[in-house]
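One file, work35.txt, carrying compact mmCIF, C-alpha atoms:
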```
# COMPACT_ATOMS: atom_id res chain seq x y z
CA MET Y 217 165.92 -133.20 -79.65
CA ILE Y 218 167.71 -134.30 -82.83
CA THR Y 219 167.43 -138.06 -83.21
CA GLN Y 220 169.22 -138.48 -86.54
CA ILE Y 221 171.51 -136.54 -88.88
CA ASP Y 222 172.76 -137.49 -92.33
CA LEU Y 223 175.68 -135.53 -93.76
CA THR Y 224 177.11 -135.52 -97.27
CA ARG Y 225 180.74 -134.50 -97.08
CA GLY Y 226 183.03 -132.63 -99.42
CA THR Y 227 186.78 -133.18 -99.62
CA ALA Y 228 188.60 -134.33 -96.48
CA PRO Y 229 191.00 -131.91 -94.78
CA THR Y 230 194.49 -132.18 -96.28
CA THR Y 231 196.30 -131.95 -92.98
CA PRO Y 232 198.00 -133.79 -91.41
CA THR Y 233 199.68 -135.32 -94.43
CA ALA Y 234 199.29 -139.06 -94.87
CA VAL Y 235 202.92 -139.47 -95.97
CA ASP Y 236 204.26 -138.10 -92.66
CA VAL Y 237 201.87 -140.19 -90.57
CA ALA Y 238 202.61 -143.31 -92.65
CA LEU Y 239 206.36 -142.90 -92.23
CA GLU Y 240 206.12 -142.40 -88.50
CA ALA Y 241 203.71 -145.32 -87.98
CA SER Y 242 205.43 -147.62 -90.53
CA VAL Y 243 202.22 -148.25 -92.51
CA THR Y 244 201.08 -147.66 -96.07
CA ASN Y 245 199.87 -144.26 -97.25
CA GLU Y 246 196.40 -145.71 -97.90
CA ARG Y 247 196.13 -146.99 -94.35
CA ALA Y 248 197.35 -143.67 -92.95
CA THR Y 249 194.86 -141.76 -95.12
CA SER Y 250 191.98 -143.92 -93.89
CA MET Y 251 192.99 -143.51 -90.26
CA ILE Y 252 193.41 -139.73 -90.61
CA GLU Y 253 189.90 -139.46 -92.08
CA ALA Y 254 188.54 -141.62 -89.25
CA SER Y 255 190.35 -139.42 -86.74
CA TRP Y 256 188.75 -136.30 -88.26
CA HIS Y 257 185.35 -137.93 -87.77
CA LEU Y 258 186.20 -138.69 -84.13
CA ALA Y 259 187.39 -135.12 -83.59
CA GLU Y 260 184.11 -133.83 -85.05
CA ALA Y 261 182.07 -136.06 -82.77
CA TYR Y 262 184.16 -135.01 -79.76
CA THR Y 263 184.01 -131.27 -80.42
CA GLY Y 264 180.60 -130.84 -82.08
CA ARG Y 265 182.31 -128.95 -84.92
CA THR Y 266 182.54 -129.68 -88.63
CA TYR Y 267 186.04 -129.78 -90.11
CA TRP Y 268 185.03 -131.13 -93.56
CA PRO Y 269 182.83 -129.14 -95.94
CA VAL Y 270 179.21 -130.35 -95.73
CA THR Y 271 177.47 -130.22 -99.10
CA ALA Y 272 174.11 -131.52 -97.83
CA ALA Y 273 172.64 -132.38 -94.44
CA VAL Y 274 169.30 -133.49 -93.08
CA ALA Y 275 168.46 -133.68 -89.38
CA VAL Y 276 165.35 -135.28 -87.88
CA ALA Y 277 164.15 -133.88 -84.57
CA THR Y 278 161.35 -134.90 -82.24
CA LEU Y 279 159.91 -132.42 -79.75
CA GLU Y 280 157.81 -133.60 -76.83
CA ALA Y 281 156.71 -130.03 -76.11
CA ASP Y 282 156.81 -126.67 -77.88
CA GLY Y 283 160.36 -125.38 -78.15
CA THR Y 284 163.57 -124.93 -80.09
CA VAL Y 285 165.90 -127.25 -82.01
CA THR Y 286 169.60 -126.45 -82.35
CA TRP Y 287 171.58 -127.65 -85.39
CA PRO Y 288 174.02 -130.29 -84.08
CA ARG Y 289 177.25 -129.13 -85.72
CA TYR Y 290 179.11 -125.83 -85.83
CA PRO Y 291 179.54 -123.92 -88.15
CA TYR Y 292 175.82 -123.70 -88.67
CA PRO Y 293 174.19 -123.51 -92.11
CA SER Y 294 173.25 -120.04 -93.34
CA ALA Y 295 169.70 -121.25 -94.04
CA VAL Y 296 167.53 -124.32 -93.47
CA THR Y 297 164.15 -125.60 -94.61
CA VAL Y 298 161.79 -127.21 -92.11
CA ASP Y 299 159.24 -129.93 -92.81
CA GLU Y 300 156.80 -131.40 -90.28
CA TRP Y 301 155.53 -135.00 -90.20
CA GLN Y 302 151.77 -134.77 -90.69
CA GLY Y 303 149.35 -137.48 -91.72
CA GLY Y 304 152.05 -139.94 -92.75
CA ALA Y 305 154.06 -137.54 -94.94
CA TRP Y 306 156.44 -134.59 -94.69
CA ALA Y 307 154.77 -131.21 -95.19
CA SER Y 308 156.43 -127.81 -95.35
CA HIS Y 309 156.34 -126.08 -91.96
CA THR Y 310 155.62 -122.37 -91.66
CA GLY Y 311 155.83 -120.12 -88.66
CA HIS Y 312 159.33 -121.13 -87.59
CA GLU Y 313 162.30 -118.80 -87.41
CA TYR Y 314 165.93 -119.81 -88.02
CA VAL Y 315 168.83 -117.97 -86.36
CA PRO Y 316 172.00 -118.81 -88.35
CA GLU Y 317 174.39 -117.35 -85.75
CA THR Y 318 173.23 -119.84 -83.10
CA GLY Y 319 171.86 -122.62 -85.33
CA GLU Y 320 168.48 -122.48 -83.59
CA VAL Y 321 165.12 -123.20 -85.20
CA LEU Y 322 162.57 -121.32 -83.07
CA ASN Y 323 158.78 -121.45 -82.67
CA LEU Y 324 158.27 -125.18 -83.16
CA THR Y 325 155.34 -127.04 -81.65
CA ALA Y 326 155.50 -130.59 -80.32
CA GLY Y 327 156.00 -133.05 -83.16
CA ARG Y 328 158.51 -134.53 -85.57
CA TYR Y 329 160.54 -132.30 -87.90
CA ARG Y 330 162.95 -132.73 -90.80
CA ILE Y 331 165.45 -129.87 -91.01
CA THR Y 332 167.42 -129.62 -94.25
CA GLN Y 333 170.56 -127.53 -94.75
CA THR Y 334 170.44 -125.09 -97.66
CA GLY Y 335 173.74 -124.57 -99.51
CA THR Y 336 177.19 -125.80 -98.54
CA VAL Y 337 178.75 -125.23 -95.12
CA THR Y 338 182.48 -124.58 -95.44
CA PRO Y 339 184.28 -124.57 -92.10
CA ASP Y 340 187.28 -122.38 -91.32
CA GLU Y 341 190.73 -123.94 -91.47
CA PRO Y 342 191.22 -126.04 -88.33
CA GLN Y 343 193.41 -124.61 -85.61
CA PRO Y 344 196.97 -126.03 -85.47
CA HIS Y 345 196.28 -127.75 -82.14
CA VAL Y 346 193.30 -129.58 -83.70
CA VAL Y 347 195.44 -130.77 -86.63
CA GLU Y 348 198.06 -131.97 -84.14
CA ALA Y 349 195.38 -133.77 -82.14
CA VAL Y 350 194.12 -135.56 -85.26
CA ARG Y 351 197.70 -136.49 -86.14
CA ASN Y 352 198.32 -137.85 -82.64
CA LEU Y 353 195.08 -139.78 -82.66
CA ALA Y 354 195.78 -141.33 -86.09
CA LEU Y 355 199.31 -142.27 -85.03
CA TYR Y 356 198.09 -143.73 -81.76
CA GLN Y 357 195.49 -145.88 -83.48
CA LEU Y 358 197.91 -147.05 -86.19
CA ILE Y 359 200.73 -147.88 -83.79
CA HIS Y 360 198.57 -149.43 -81.07
CA SER Y 361 196.10 -151.29 -83.28
CA ALA Y 362 195.22 -154.86 -82.39
CA ALA Y 363 197.28 -156.05 -85.37
CA ARG Y 364 200.40 -154.45 -83.88
CA ARG Y 365 200.45 -155.65 -80.29
CA GLU Y 366 204.07 -154.73 -79.72
CA PHE Y 367 203.84 -155.12 -75.97
CA LYS Y 368 201.53 -156.84 -73.56
CA THR Y 369 202.91 -155.27 -70.41
CA MET Y 370 205.19 -152.35 -69.73
CA THR Y 371 207.39 -151.86 -66.70
CA ALA Y 372 208.89 -148.56 -65.61
CA GLY Y 373 210.57 -148.43 -62.23
CA ASP Y 374 208.33 -150.27 -59.80
CA SER Y 375 205.18 -149.76 -61.90
CA THR Y 376 203.79 -152.31 -64.33
CA LEU Y 377 200.77 -151.86 -66.52
CA THR Y 378 199.05 -153.80 -69.24
CA ARG Y 379 197.88 -152.38 -72.51
CA GLU Y 380 194.24 -152.77 -71.44
CA GLN Y 381 194.85 -150.50 -68.46
CA LEU Y 382 195.83 -147.61 -70.72
CA TYR Y 383 193.42 -144.74 -71.14
CA GLY Y 384 190.98 -144.46 -74.04
CA LEU Y 385 192.03 -143.17 -77.41
CA PHE Y 386 191.70 -139.47 -76.74
CA LYS Y 387 193.37 -139.53 -73.36
CA GLY Y 388 196.03 -142.03 -74.34
CA SER Y 389 196.96 -140.23 -77.54
CA GLY Y 390 196.98 -136.79 -75.96
CA ALA Y 391 194.39 -135.66 -78.50
CA GLY Y 392 191.74 -134.88 -75.87
CA VAL Y 393 193.93 -132.30 -74.20
CA LEU Y 394 194.76 -130.63 -77.51
CA ILE Y 395 191.19 -130.27 -78.75
CA ALA Y 396 189.51 -129.60 -75.42
CA SER Y 397 189.32 -125.91 -76.29
CA GLU Y 398 187.25 -126.81 -79.37
CA VAL Y 399 184.45 -128.48 -77.41
CA ARG Y 400 181.10 -126.72 -77.76
CA TRP Y 401 178.48 -127.26 -75.04
```
How would this structure read if it were set down as structure tokens?
Amino acid sequence: MITQIDLTRGTAPTTPTAVDVALEASVTNERATSMIEASWHLAEAYTGRTYWPVTAAVAVATLEADGTVTWPRYPYPSAVTVDEWQGGAWASHTGHEYVPETGEVLNLTAGRYRITQTGTVTPDEPQPHVVEAVRNLALYQLIHSAARREFKTMTAGDSTLTREQLYGLFKGSGAGVLIASEVRW
């Protein structure tokens, strides 16, 4: 099981555009840019995919029994190096096999491993529904941030709800529905 992963990112996706989000949310371009980048990170965590290029990555995995470790993000690196924790230091591990199509490192014995990505992983362009989900999520967070409490309660017909009763970010923004097809199990 992977217990830690450190990623070094390339350039953030250029869509959705910060200017459009800033105009719609009535915030500065800098604030919109920051929220869009944060929304891309949330989308990655939600889907298990990488939408930014990854120039370097290191994952640490601990196995209780002999088995396999799967790289935590898709698309998977084309190659990895594997080191094993032995005698208080990392030592190169031999005897493993890496399957780039599935991101699996096979033939590992019980122990602690450091798996390092080789080369840069460049993801495909995100699907339009994913870009729209990120846009919706960024807008939702900018408009409904704690600094902009525009309403405390809302009444429609004979229903009244408070802001705290609203769904979480993905459900409330509609982003969860849009990127549900991107989820990898």
| field | From Y:Ala277, Y:Ile218, Y:Ala295, Y:Leu223, residue lying nearest Y:His257 [all atoms listed in the file] | value | Y:Leu223
| Separation of atom CA of Y:Thr249 and atom CA of Y:Pro288, in Å? | 26.2 Å
| request: Would you kindly return, as a list of chain:residue names, each protein, DNA or RNA residue with an atom no farther than 7 Å from any atom of Y:Tyr329, considering only C-alpha atoms and excluding same-chain residues fewer than 2 positions away? | output: Y:Val276, Y:Ala277, Y:Thr278, Y:Val298, Y:Asp299, Y:Glu300, Y:Trp301, Y:Gly327, Y:Ile331
| Minimum-distance residue to Y:Thr284, chosen among Y:Ser255, Y:Ser250, Y:Asn323, Y:Gln220 (using all atoms listed in the file) | Y:Asn323
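Candidate residues Y:Thr286, Y:Thr266, Y:Thr231, Y:Ser242 were compared for distance to Y:Glu348, and the nearest is Y:Thr231, using only C-alpha atoms.
Take atom CA of Y:Thr318 and atom CA of Y:His345: the distance between them is 24.4 Å.
Of the listed residues Y:Val235, Y:Arg289, Y:Thr219, Y:Gln333, the one whose atoms come nearest to Y:Tyr262 is Y:Arg289, with distances taken using all atoms listed in the file.
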| Interatomic distance (Å, one decimal) between atom CA of Y:Glu260 and atom CA of Y:His312 | 28.0 Å
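Minimum atom-to-atom distance to Y:Glu320, evaluated using all atoms listed in the file, belongs to Y:Gly283 out of Y:Gly264, Y:Pro232, Y:Gly283, Y:Gly226.
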| said: Applying 9 Å and only C-alpha atoms, which residues near Y:Asn245 remain after dropping the ones on its own chain fewer than 6 positions away? List them as a count of residues only. | reply: 6
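If you measure from each of Y:Glu246, Y:Asp340, Y:Glu313, Y:Asp282 to Y:Pro229 using only C-alpha atoms, the closest one turns out to be Y:Asp340.
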